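Notes to accompany the following structure.
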Amino acid sequence: MAGLQKSGGFDDRFLSKLTKVDRQGIETFLTGLVREKQFLQVVFNAMLDGLVVLRPNLEVLYINNAAVELLGIRGRSRIYREHFAGLVDVPAFRDLLGRYALNREKIVRVEIEIESPETRWLDVSILPLDAELNHQAGTSVVFIHDNTEVRKAQEERDRMGRVDTLARLTASLAHEIKNPLNSLQIHAQLLRRALNEPKPRKTDRERIQKSSDVILEEISRLNSVVNDFLTAVRPTRPMKDKADINRLIEHVYETLQPELESRGVECVLRLDRDIPPVQVDPAQVTQAVLNLVKNSMEALQEHKERLWEAAETPRELRDWKPAMEIQTRISEDRYLVRVADNGSGISDDNIKKVLEPYYTTKFSGTGLGLAIVSRIVEEHGGSMDIASQEGAGTVITISLPMNGRPVRLLEAKTSGEQDGALGALED
């Protein structure tokens, strides 16, 4: 341990004058070194985190008790001068040491799962020591932190969060189903009353026809609610295939074009034709873009209705025209799909809630549209950014990896931040 002191210190000066030091001086010096080593060993063994010092060839030069315990090194008669990878029978740990041996660059806080005998999660860092400090280039120090309790606490929070989400989903689903069931019950009673009439009149037949139509509509509505719920919450593995993302968007546009025109919405496509075919589930991505466009259409309609209610004369509406833009482009190793509108926008209070299932500010709809989009994007290893300004519009950007690697999480941006809704339509 004395060798870890800087050159030019007391030890170096003592060694330079070793031939002139008497026997008592040498014994005093060596006794001090032994005591210093013993003191450092006591300190290191009192640490809760593991500490291992490795020679350049990754043999163990020093290891404290915590490292032995955390790594499950048991039944070994010899540890010192043994290759470190051979002491720990964990493939992920050996791979980490192998990566360090190749690059000799510091590795910081890599989590490794290990069973010794119970499952533990360890944060492992490997740092090369300065050659000036240890007089031997290539020496390394390994720090091992037990992250098990933190991991268990996080898993418990996640579990409680899932329970809470399930409770809210159940309550919301019950609410969504209750209204159609009430309607079904009422019209079923009307049907029974009409059928029990001894001599059905023309008005009774009309009532039967109307009630039958309502029952069929409500059954269809119930089916839609259940299907949307399952799509939003059920894990689905994308059936990926090579697809032209621009062609999928054009298909969505062609499907909704009649409705866009009937609502007076000007929709502009700005597609980057340099995007190569990518591996996606065409049906899921089409559904995601379809949901985004429908969401924008509803926001535009809602904004129009609010303007009509607030306007004293129709002339006040001439300065605003419903507009939407669908854009694709490449950004580094990702490709982006962006849907922007100049609709009602989302308030600061609501923007954090828009991805929650069954959350909606609309008078109709289940509130599952964006939750379904979020689920599809997540299953594709992508992310979704939301930028919105209340009363001015919203931009929702899907970011998907070109190479299949996951990217960022959701970012919700409000007014005052970059990429605002109006700026997106004017780019």
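Just remember, in the structure tokens the first chain shown is A, the second B, etc., residues are 1-based per chain, and ligands are 1-based in the order shown.
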
| How would you write, as a ChimeraX atom specification, the set of residues in region 180-360 of chain A that DSSP gives as helix (DSSP H, G or I)? | /A:180-195,202-233,245-262,282-310,314-317,348-351

Set the distance at 7 Å and use only C-alpha atoms: which residues neighbour region 282-289 of chain A once local chain neighbours fewer than 3 positions away are removed? I'd like the list as a PDB file with C-alpha atoms, in the first residue's frame.
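So around_13.pdb came out as:
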```pdb
ATOM      1  CA  ALA A 243     -42.103  -0.926 -45.567  1.00  0.00           C
ATOM      2  CA  LEU A 248     -48.086   4.278 -45.285  1.00  0.00           C
ATOM      3  CA  VAL A 252     -53.675   7.332 -44.255  1.00  0.00           C
ATOM      4  CA  LEU A 292     -52.646  11.138 -34.700  1.00  0.00           C
ATOM      5  CA  VAL A 293     -54.395  12.603 -37.736  1.00  0.00           C
ATOM      6  CA  VAL A 373     -50.033   5.507 -30.346  1.00  0.00           C
ATOM      7  CA  ILE A 376     -47.210   1.157 -30.665  1.00  0.00           C
TER       8      ILE A 376
END
```

| task | For CA of Leu256 (chain A) and CA of Arg338 (chain A), quote the distance in Å rounded to one decimal. | result | 16.8 Å

| said: If we count only C-alpha atoms and set the cut-off at 8 Å, which residues sit around region 181-185 of chain A, ignoring sequence neighbours fewer than 6 positions away in its own chain? Please answer as number ranges by chain. | reply: A: 214-215, 218

Neighbour list for Gly86 (chain A) as a compact mmCIF listing (two decimals) with N, CA, C and O atoms, in the first residue's frame, cut-off 12 Å, only C-alpha atoms, skip fewer than 6 positions in-chain:
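Below is the file part-v9.txt, written as the result:
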```txt
# COMPACT_ATOMS: atom_id res chain seq x y z
N LEU A 58 -5.03 -8.41 -15.01
CA LEU A 58 -6.33 -8.62 -14.36
C LEU A 58 -6.29 -9.70 -13.28
O LEU A 58 -7.31 -10.27 -12.92
N GLU A 59 -5.08 -9.96 -12.74
CA GLU A 59 -4.99 -10.79 -11.54
C GLU A 59 -5.28 -9.93 -10.31
O GLU A 59 -5.03 -8.72 -10.31
N VAL A 60 -5.82 -10.57 -9.26
CA VAL A 60 -6.21 -9.84 -8.07
C VAL A 60 -4.97 -9.45 -7.26
O VAL A 60 -4.18 -10.31 -6.85
N LEU A 71 -19.80 -10.66 -4.71
CA LEU A 71 -19.57 -11.45 -5.91
C LEU A 71 -19.75 -12.95 -5.67
O LEU A 71 -19.65 -13.74 -6.61
N ILE A 73 -17.85 -15.07 -4.01
CA ILE A 73 -16.60 -15.85 -4.13
C ILE A 73 -16.45 -16.68 -2.86
O ILE A 73 -16.00 -16.19 -1.82
N ARG A 76 -12.95 -20.71 -2.07
CA ARG A 76 -11.67 -20.55 -2.78
C ARG A 76 -10.55 -20.45 -1.76
O ARG A 76 -10.53 -19.58 -0.89
N ARG A 78 -7.57 -19.84 -2.59
CA ARG A 78 -6.63 -18.82 -3.07
C ARG A 78 -7.39 -17.81 -3.92
O ARG A 78 -8.14 -18.17 -4.81
N ILE A 79 -7.18 -16.53 -3.60
CA ILE A 79 -7.80 -15.45 -4.37
C ILE A 79 -6.74 -14.54 -4.97
O ILE A 79 -6.80 -14.18 -6.15
N TYR A 80 -5.76 -14.16 -4.16
CA TYR A 80 -4.71 -13.26 -4.65
C TYR A 80 -3.89 -13.93 -5.75
O TYR A 80 -3.62 -15.14 -5.72
N PHE A 93 -20.47 -10.63 -16.12
CA PHE A 93 -19.32 -10.02 -15.44
C PHE A 93 -18.03 -10.31 -16.22
O PHE A 93 -17.20 -9.42 -16.40
N ARG A 94 -17.89 -11.53 -16.70
CA ARG A 94 -16.70 -11.87 -17.49
C ARG A 94 -16.67 -11.07 -18.80
O ARG A 94 -15.61 -10.63 -19.24
N ASP A 95 -17.84 -10.87 -19.41
CA ASP A 95 -17.91 -10.07 -20.63
C ASP A 95 -17.49 -8.63 -20.36
O ASP A 95 -16.80 -8.00 -21.19
N LEU A 97 -15.39 -7.59 -17.99
CA LEU A 97 -13.93 -7.58 -17.83
C LEU A 97 -13.23 -7.72 -19.18
O LEU A 97 -12.20 -7.08 -19.43
N GLY A 98 -13.80 -8.56 -20.05
CA GLY A 98 -13.20 -8.73 -21.37
C GLY A 98 -13.25 -7.44 -22.17
O GLY A 98 -12.29 -7.09 -22.88
```

| request: Compile the contact shell of region 257-273 of chain A as a PyMOL selection string: residues with an atom at most 10 Å away, counting only C-alpha atoms, same-chain residues fewer than 6 positions apart removed. | output: chain A and resi 244-247+249-251+293-294+297+300-301+321-330+335-341+425

| query | CA of Ala188 (chain A) and CA of Ser211 (chain A), how far apart in Å? | reply | 7.3 Å

| field | Nearest residue to Glu206 (chain A) from the set A:Ile219, A:Thr255, A:Val53, A:Leu191 (distances using only C-alpha atoms) | value |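 Nearest to Glu206 (chain A): A:Leu191.
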
| Which residue gives the smallest distance to Ser296 (chain A) among A:Val108, A:Leu216, A:Ile396, A:Gln279, with only C-alpha atoms counted? |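 Ranked by minimum distance to Ser296 (chain A), first place goes to A:Ile396.
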